[in-house]
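Engineer: Would you mind keeping the following structure in view while I ask a few things?
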Amino acid sequence: MGNMPFQGGGRRPGGGRRRYNQPRGPRKNERIRVPEVRVIGPDGKQIGVMQTREALTLAKNNGLDLIEISPTARPPVCRILDYGKYMYEQSKKEKESKSHSSSQKLKEVKFRVRIEEHDYMTKLRRAEEFLDDGAKLKMTLMFRGREMEHKDLGFDVVNRAVKDLAHVANADSPPKLVGRNITLTMSPLPANKRKLKYNMHVGEDEDEEE
């Protein structure tokens, strides 16, 4: 009886470790503990509700795995598939979804006519980061006061930035003057053609200057 508290304490840390090391992804094969499941075959067709052990045997007889794809259903839904292939396809779908989501985003970087070189490079690194993440980029250069008398200097800054970002994006159209602003949008190149140039050796995180 004196050993019982010690044994109970041992089980709690052990259980904690098991939860921490729980494999990622859906449960498969012997990890599916419910008595029965609704089974979908390798061809995507419904087989029906059956005992879990029978479904597992069916999967193994086909050299495949029993994968729980809808654990909250009653009974849970499982598919008979190759687990490695299933996880690869899920990862691929997740990346495609993320890429599509990023492509819908529009990020903005603002420049000034008489921008200092240090600030210019900070803006360029931020712009490169946005584009490398797959987002579209909007460049805005705002004229203040008498700066409107030197529109050519503003266009020089924007055109320089477009040229300096050509390794990750293309301009959608030439820069345009709208009111007191010069604006332009850029779209990222395909992921396999983007090459980081300014974010490879960033020493510190610098705040974006508005």
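Residues in the structure tokens are numbered from 1 in each chain, the chains being A, B, ... in the order shown, and ligands are numbered from 1 in the order shown.
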Please identify all polymer residues within 9 Å of Ala127 of chain A, counting only C-alpha atoms, omitting same-chain residues fewer than 2 positions from it, and present them as a list in words.
Structural biologist: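 After dropping sequence-adjacent residues, the list is Lys107, Glu108, Val109, Thr122, Lys123, Leu124, Arg125, Glu129, Phe130, Leu131, Asp132, Leu137, Lys138, Met139 and Leu165 of chain A.
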Engineer: Going by DSSP on the backbone, which bits of segment 4-206 of chain A are helix (DSSP H, G or I)? Write them as a PDB file with C-alpha atoms, in the first residue's frame, please.
Structural biologist:
ATOM      1  CA  MET A   4       0.612   3.002  -4.410  1.00  0.00           C
ATOM      2  CA  PRO A   5       1.102   6.824  -4.316  1.00  0.00           C
ATOM      3  CA  PHE A   6       4.498   6.427  -5.954  1.00  0.00           C
ATOM      4  CA  GLN A   7       3.037   4.298  -8.753  1.00  0.00           C
ATOM      5  CA  GLY A   8       0.203   6.779  -9.287  1.00  0.00           C
ATOM      6  CA  GLY A   9       2.706   9.658  -9.520  1.00  0.00           C
ATOM      7  CA  GLY A  10       4.715   7.702 -12.076  1.00  0.00           C
ATOM      8  CA  ARG A  11       1.744   7.262 -14.349  1.00  0.00           C
ATOM      9  CA  ARG A  12       0.993  10.986 -14.514  1.00  0.00           C
ATOM     10  CA  PRO A  13       4.421  12.044 -15.856  1.00  0.00           C
ATOM     11  CA  GLY A  14       4.361   9.108 -18.247  1.00  0.00           C
ATOM     12  CA  GLY A  15       0.965  10.157 -19.550  1.00  0.00           C
ATOM     13  CA  GLY A  16       2.246  13.698 -19.969  1.00  0.00           C
ATOM     14  CA  ARG A  17       5.142  12.501 -22.103  1.00  0.00           C
ATOM     15  CA  ARG A  18       2.846  10.455 -24.276  1.00  0.00           C
ATOM     16  CA  ARG A  19       0.640  13.486 -24.933  1.00  0.00           C
ATOM     17  CA  TYR A  20       3.710  15.606 -25.731  1.00  0.00           C
ATOM     18  CA  ASN A  29      -4.257   1.596 -37.882  1.00  0.00           C
ATOM     19  CA  GLU A  30      -3.939   0.411 -34.264  1.00  0.00           C
ATOM     20  CA  ARG A  31      -4.194   3.970 -32.935  1.00  0.00           C
ATOM     21  CA  THR A  52     -12.608  -1.426 -36.741  1.00  0.00           C
ATOM     22  CA  ARG A  53     -10.581  -4.626 -36.534  1.00  0.00           C
ATOM     23  CA  GLU A  54     -12.205  -5.855 -39.754  1.00  0.00           C
ATOM     24  CA  ALA A  55     -11.479  -2.554 -41.485  1.00  0.00           C
ATOM     25  CA  LEU A  56      -7.865  -2.738 -40.350  1.00  0.00           C
ATOM     26  CA  THR A  57      -7.550  -6.271 -41.670  1.00  0.00           C
ATOM     27  CA  LEU A  58      -9.029  -5.164 -44.993  1.00  0.00           C
ATOM     28  CA  ALA A  59      -6.524  -2.310 -45.228  1.00  0.00           C
ATOM     29  CA  LYS A  60      -3.550  -4.528 -44.417  1.00  0.00           C
ATOM     30  CA  ASN A  61      -4.658  -7.163 -46.908  1.00  0.00           C
ATOM     31  CA  TYR A  83      -0.497   6.880 -45.120  1.00  0.00           C
ATOM     32  CA  GLY A  84       2.659   8.444 -46.561  1.00  0.00           C
ATOM     33  CA  LYS A  85       0.921   9.318 -49.810  1.00  0.00           C
ATOM     34  CA  TYR A  86      -2.086  10.698 -47.930  1.00  0.00           C
ATOM     35  CA  MET A  87       0.078  12.998 -45.787  1.00  0.00           C
ATOM     36  CA  TYR A  88       1.988  14.175 -48.862  1.00  0.00           C
ATOM     37  CA  GLU A  89      -1.251  15.080 -50.644  1.00  0.00           C
ATOM     38  CA  GLN A  90      -2.560  16.885 -47.560  1.00  0.00           C
ATOM     39  CA  SER A  91       0.672  18.862 -47.265  1.00  0.00           C
ATOM     40  CA  LYS A  92       0.500  19.742 -50.957  1.00  0.00           C
ATOM     41  CA  LYS A  93      -3.086  20.971 -50.616  1.00  0.00           C
ATOM     42  CA  GLU A  94      -2.158  23.055 -47.569  1.00  0.00           C
ATOM     43  CA  LYS A  95       0.729  24.725 -49.407  1.00  0.00           C
ATOM     44  CA  GLU A  96      -1.428  25.445 -52.445  1.00  0.00           C
ATOM     45  CA  SER A  97      -4.119  26.934 -50.229  1.00  0.00           C
ATOM     46  CA  LYS A  98      -1.554  29.096 -48.409  1.00  0.00           C
ATOM     47  CA  SER A  99      -0.037  30.238 -51.688  1.00  0.00           C
ATOM     48  CA  HIS A 100      -3.468  31.146 -53.055  1.00  0.00           C
ATOM     49  CA  SER A 101      -4.283  33.040 -49.875  1.00  0.00           C
ATOM     50  CA  SER A 102      -0.997  34.960 -50.008  1.00  0.00           C
ATOM     51  CA  SER A 103      -1.540  35.863 -53.653  1.00  0.00           C
ATOM     52  CA  GLU A 117      20.050  55.337 -48.648  1.00  0.00           C
ATOM     53  CA  HIS A 118      19.703  53.517 -45.326  1.00  0.00           C
ATOM     54  CA  ASP A 119      15.923  54.047 -45.297  1.00  0.00           C
ATOM     55  CA  TYR A 120      15.702  53.076 -48.951  1.00  0.00           C
ATOM     56  CA  MET A 121      17.399  49.728 -48.276  1.00  0.00           C
ATOM     57  CA  THR A 122      15.087  49.131 -45.314  1.00  0.00           C
ATOM     58  CA  LYS A 123      12.070  49.633 -47.575  1.00  0.00           C
ATOM     59  CA  LEU A 124      13.629  47.404 -50.205  1.00  0.00           C
ATOM     60  CA  ARG A 125      14.171  44.550 -47.749  1.00  0.00           C
ATOM     61  CA  ARG A 126      10.585  44.837 -46.539  1.00  0.00           C
ATOM     62  CA  ALA A 127       9.273  44.864 -50.105  1.00  0.00           C
ATOM     63  CA  GLU A 128      11.385  41.838 -51.027  1.00  0.00           C
ATOM     64  CA  GLU A 129      10.072  39.970 -47.990  1.00  0.00           C
ATOM     65  CA  PHE A 130       6.441  40.645 -48.935  1.00  0.00           C
ATOM     66  CA  LEU A 131       7.012  39.558 -52.540  1.00  0.00           C
ATOM     67  CA  ASP A 132       8.926  36.437 -51.551  1.00  0.00           C
ATOM     68  CA  GLY A 145       4.819  70.740 -50.226  1.00  0.00           C
ATOM     69  CA  ARG A 146       7.110  71.990 -52.973  1.00  0.00           C
ATOM     70  CA  GLU A 147       8.333  68.470 -53.750  1.00  0.00           C
ATOM     71  CA  MET A 148       5.661  68.442 -56.458  1.00  0.00           C
ATOM     72  CA  GLU A 149       7.986  70.685 -58.427  1.00  0.00           C
ATOM     73  CA  HIS A 150      10.380  67.736 -58.739  1.00  0.00           C
ATOM     74  CA  LYS A 151       8.141  64.939 -59.952  1.00  0.00           C
ATOM     75  CA  ASP A 152      11.016  63.484 -61.957  1.00  0.00           C
ATOM     76  CA  LEU A 153      12.920  62.759 -58.733  1.00  0.00           C
ATOM     77  CA  GLY A 154       9.922  60.848 -57.406  1.00  0.00           C
ATOM     78  CA  PHE A 155       9.678  58.751 -60.558  1.00  0.00           C
ATOM     79  CA  ASP A 156      13.421  58.087 -60.330  1.00  0.00           C
ATOM     80  CA  VAL A 157      13.003  56.615 -56.831  1.00  0.00           C
ATOM     81  CA  VAL A 158      10.094  54.373 -57.836  1.00  0.00           C
ATOM     82  CA  ASN A 159      11.736  53.200 -61.057  1.00  0.00           C
ATOM     83  CA  ARG A 160      14.928  52.436 -59.144  1.00  0.00           C
ATOM     84  CA  ALA A 161      12.959  50.301 -56.677  1.00  0.00           C
ATOM     85  CA  VAL A 162      11.278  48.410 -59.531  1.00  0.00           C
ATOM     86  CA  LYS A 163      14.683  47.659 -61.034  1.00  0.00           C
ATOM     87  CA  ASP A 164      16.122  46.643 -57.651  1.00  0.00           C
ATOM     88  CA  ALA A 191       8.324  30.796 -56.448  1.00  0.00           C
ATOM     89  CA  ASN A 192      11.074  28.838 -58.239  1.00  0.00           C
ATOM     90  CA  LYS A 193      12.322  32.022 -59.931  1.00  0.00           C
TER      91      LYS A 193
END
Engineer: Find the residues of segment 33-144 of chain A that sit at most 8 Å from segment 172-183 of chain A; for each, write down the nearest two atoms and how far apart they are in Å, to one decimal. Count only C-alpha atoms. Sort by chain, then by number going up, and give it as JSON lines.
Structural biologist:
{"residue": "A:Lys138", "atom": "CA", "partner": "A:Thr183", "partner_atom": "CA", "distance": 7.1}
{"residue": "A:Met139", "atom": "CA", "partner": "A:Thr183", "partner_atom": "CA", "distance": 5.6}
{"residue": "A:Thr140", "atom": "CA", "partner": "A:Thr183", "partner_atom": "CA", "distance": 4.7}
{"residue": "A:Leu141", "atom": "CA", "partner": "A:Ile182", "partner_atom": "CA", "distance": 5.1}
{"residue": "A:Met142", "atom": "CA", "partner": "A:Asn181", "partner_atom": "CA", "distance": 4.4}
{"residue": "A:Phe143", "atom": "CA", "partner": "A:Arg180", "partner_atom": "CA", "distance": 5.4}
{"residue": "A:Arg144", "atom": "CA", "partner": "A:Arg180", "partner_atom": "CA", "distance": 7.7}
Engineer: When you draw a straight line from atom CA of Arg79 of chain A to atom CA of Gly44 of chain A, how long is it in Å?
Structural biologist: 8.0 Å
Engineer: Assign secondary structure with DSSP using the backbone only, and return the residues of segment 27-209 of chain A in strand (DSSP E or B) as an MDAnalysis selection string.
Structural biologist: chainID A and resid 28 36:40 46:51 65:70 77:81 106:111 136:142 169:171 176:178 181:188
Engineer: Go ahead and save the picked residues with N, CA and C atoms, as a CSV table (one decimal), in the first residue's frame.
Structural biologist:
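Final output, selection_20.csv:
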chain,number,residue,atom,x,y,z
A,28,LYS,N,-4.1,6.4,-37.2
A,28,LYS,CA,-4.1,5.4,-38.2
A,28,LYS,C,-3.9,4.0,-37.6
A,36,GLU,N,-16.2,0.7,-34.0
A,36,GLU,CA,-16.6,0.6,-35.4
A,36,GLU,C,-16.4,1.9,-36.1
A,37,VAL,N,-16.2,1.8,-37.4
A,37,VAL,CA,-16.0,3.0,-38.2
A,37,VAL,C,-16.7,2.9,-39.6
A,38,ARG,N,-16.9,4.1,-40.2
A,38,ARG,CA,-17.5,4.1,-41.5
A,38,ARG,C,-16.3,4.1,-42.5
A,39,VAL,N,-16.2,3.2,-43.4
A,39,VAL,CA,-15.0,3.0,-44.2
A,39,VAL,C,-15.2,3.4,-45.7
A,40,ILE,N,-14.2,4.2,-46.2
A,40,ILE,CA,-14.2,4.6,-47.6
A,40,ILE,C,-13.0,3.8,-48.2
A,46,GLN,N,-17.7,4.4,-50.8
A,46,GLN,CA,-18.1,4.0,-49.5
A,46,GLN,C,-18.2,2.5,-49.4
A,47,ILE,N,-17.6,1.9,-48.4
A,47,ILE,CA,-17.7,0.5,-48.1
A,47,ILE,C,-18.8,0.3,-47.1
A,48,GLY,N,-18.9,1.2,-46.2
A,48,GLY,CA,-20.0,1.1,-45.1
A,48,GLY,C,-19.4,1.0,-43.7
A,49,VAL,N,-20.3,0.9,-42.8
A,49,VAL,CA,-19.9,0.7,-41.4
A,49,VAL,C,-19.5,-0.7,-41.1
A,50,MET,N,-18.3,-0.8,-40.4
A,50,MET,CA,-17.8,-2.1,-40.0
A,50,MET,C,-17.0,-2.1,-38.8
A,51,GLN,N,-16.7,-3.2,-38.2
A,51,GLN,CA,-15.9,-3.3,-37.0
A,51,GLN,C,-14.5,-2.8,-37.4
A,65,ASP,N,-3.1,1.5,-45.4
A,65,ASP,CA,-3.4,1.9,-44.0
A,65,ASP,C,-4.8,2.3,-43.8
A,66,LEU,N,-5.3,2.1,-42.6
A,66,LEU,CA,-6.6,2.6,-42.2
A,66,LEU,C,-6.4,4.0,-41.5
A,67,ILE,N,-6.9,5.1,-42.2
A,67,ILE,CA,-6.7,6.4,-41.7
A,67,ILE,C,-8.0,7.1,-41.3
A,68,GLU,N,-8.0,7.6,-40.1
A,68,GLU,CA,-9.2,8.3,-39.6
A,68,GLU,C,-9.2,9.7,-40.1
A,69,ILE,N,-10.1,10.0,-41.0
A,69,ILE,CA,-10.2,11.4,-41.6
A,69,ILE,C,-11.3,12.3,-41.0
A,70,SER,N,-12.2,11.7,-40.3
A,70,SER,CA,-13.3,12.5,-39.7
A,70,SER,C,-13.6,11.9,-38.3
A,77,VAL,N,-15.2,8.4,-39.6
A,77,VAL,CA,-15.0,8.0,-41.0
A,77,VAL,C,-13.5,7.7,-41.2
A,78,CYS,N,-13.2,6.6,-41.8
A,78,CYS,CA,-11.8,6.2,-42.1
A,78,CYS,C,-11.7,5.9,-43.6
A,79,ARG,N,-10.5,6.1,-44.1
A,79,ARG,CA,-10.2,5.8,-45.5
A,79,ARG,C,-9.0,4.8,-45.5
A,80,ILE,N,-9.1,3.9,-46.5
A,80,ILE,CA,-8.1,2.9,-46.7
A,80,ILE,C,-7.1,3.5,-47.8
A,81,LEU,N,-5.9,3.9,-47.4
A,81,LEU,CA,-5.0,4.6,-48.3
A,81,LEU,C,-3.6,4.3,-47.8
A,106,LEU,N,-2.4,42.2,-50.5
A,106,LEU,CA,-1.7,43.4,-51.1
A,106,LEU,C,-1.0,44.1,-50.0
A,107,LYS,N,0.3,44.1,-50.1
A,107,LYS,CA,1.1,44.8,-49.1
A,107,LYS,C,1.6,46.2,-49.7
A,108,GLU,N,1.9,47.1,-48.8
A,108,GLU,CA,2.3,48.4,-49.3
A,108,GLU,C,3.6,48.9,-48.6
A,109,VAL,N,4.5,49.5,-49.4
A,109,VAL,CA,5.7,50.1,-49.0
A,109,VAL,C,5.7,51.5,-49.5
A,110,LYS,N,6.0,52.5,-48.6
A,110,LYS,CA,6.0,53.9,-48.9
A,110,LYS,C,7.4,54.5,-49.0
A,111,PHE,N,7.6,55.3,-50.0
A,111,PHE,CA,8.8,56.0,-50.2
A,111,PHE,C,8.7,57.5,-50.1
A,136,LYS,N,1.2,40.5,-53.4
A,136,LYS,CA,1.4,41.6,-54.4
A,136,LYS,C,1.9,42.8,-53.6
A,137,LEU,N,2.6,43.7,-54.2
A,137,LEU,CA,3.2,44.8,-53.6
A,137,LEU,C,2.7,46.1,-54.2
A,138,LYS,N,2.3,47.1,-53.4
A,138,LYS,CA,2.0,48.4,-53.8
A,138,LYS,C,3.0,49.4,-53.3
A,139,MET,N,3.6,50.1,-54.3
A,139,MET,CA,4.6,51.1,-53.9
A,139,MET,C,3.9,52.5,-54.0
A,140,THR,N,4.1,53.3,-53.0
A,140,THR,CA,3.5,54.6,-52.9
A,140,THR,C,4.6,55.6,-52.6
A,141,LEU,N,4.7,56.7,-53.4
A,141,LEU,CA,5.6,57.8,-53.1
A,141,LEU,C,4.8,59.0,-53.0
A,142,MET,N,4.8,59.7,-51.9
A,142,MET,CA,4.0,60.9,-51.6
A,142,MET,C,4.8,62.1,-51.7
A,169,ALA,N,10.1,40.1,-58.6
A,169,ALA,CA,8.7,40.6,-59.1
A,169,ALA,C,8.8,41.3,-60.4
A,170,ASN,N,7.7,41.5,-61.0
A,170,ASN,CA,7.5,42.3,-62.2
A,170,ASN,C,6.5,43.4,-61.9
A,171,ALA,N,6.7,44.6,-62.5
A,171,ALA,CA,5.8,45.7,-62.3
A,171,ALA,C,4.5,45.4,-63.2
A,176,LYS,N,2.4,55.6,-61.9
A,176,LYS,CA,1.4,56.6,-62.3
A,176,LYS,C,1.4,57.7,-61.2
A,177,LEU,N,1.2,58.9,-61.7
A,177,LEU,CA,1.0,60.0,-60.7
A,177,LEU,C,-0.5,60.2,-60.5
A,178,VAL,N,-1.0,60.0,-59.3
A,178,VAL,CA,-2.4,60.2,-58.9
A,178,VAL,C,-2.5,61.2,-57.8
A,181,ASN,N,0.5,61.6,-55.2
A,181,ASN,CA,1.2,60.3,-55.0
A,181,ASN,C,1.6,59.6,-56.4
A,182,ILE,N,2.7,59.0,-56.4
A,182,ILE,CA,3.1,58.1,-57.5
A,182,ILE,C,2.8,56.7,-57.0
A,183,THR,N,2.1,55.9,-57.7
A,183,THR,CA,1.8,54.6,-57.3
A,183,THR,C,2.1,53.5,-58.4
A,184,LEU,N,2.3,52.3,-57.9
A,184,LEU,CA,2.7,51.2,-58.8
A,184,LEU,C,2.5,49.9,-58.1
A,185,THR,N,2.0,48.9,-58.7
A,185,THR,CA,1.9,47.6,-58.1
A,185,THR,C,2.9,46.6,-58.8
A,186,MET,N,3.3,45.6,-58.0
A,186,MET,CA,4.2,44.6,-58.5
A,186,MET,C,3.7,43.2,-58.1
A,187,SER,N,3.8,42.3,-59.0
A,187,SER,CA,3.4,40.9,-58.8
A,187,SER,C,4.6,40.0,-58.6
A,188,PRO,N,4.6,39.1,-57.7
A,188,PRO,CA,5.8,38.2,-57.4
A,188,PRO,C,6.0,37.3,-58.6
Engineer: Between A:Ile115, A:Gly63, A:Pro75, A:Met200, single out the one closest to Arg33 of chain A, counting only C-alpha atoms.
Structural biologist: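 Answer, going by the shortest atom-to-atom distance: A:Pro75.
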Engineer: Quick one: pull the distance between atom CA of Arg114 of chain A and atom CA of Lys195 of chain A, Å, one decimal.
Structural biologist: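 One can read the atom CA of Arg114 of chain A to atom CA of Lys195 of chain A distance as 28.2 Å.
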Engineer: Pick the closest to Ile32 of chain A from A:Lys45, A:Pro71, A:Val113, A:Lys105: which is it, counting only C-alpha atoms?
Structural biologist: A:Pro71
Engineer: I'd like the interatomic distance between atom CA of Asn62 of chain A and atom CA of Gly41 of chain A, to a tenth of an Å.
Structural biologist: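 About the pair atom CA of Asn62 of chain A and atom CA of Gly41 of chain A: they are 10.3 Å apart.
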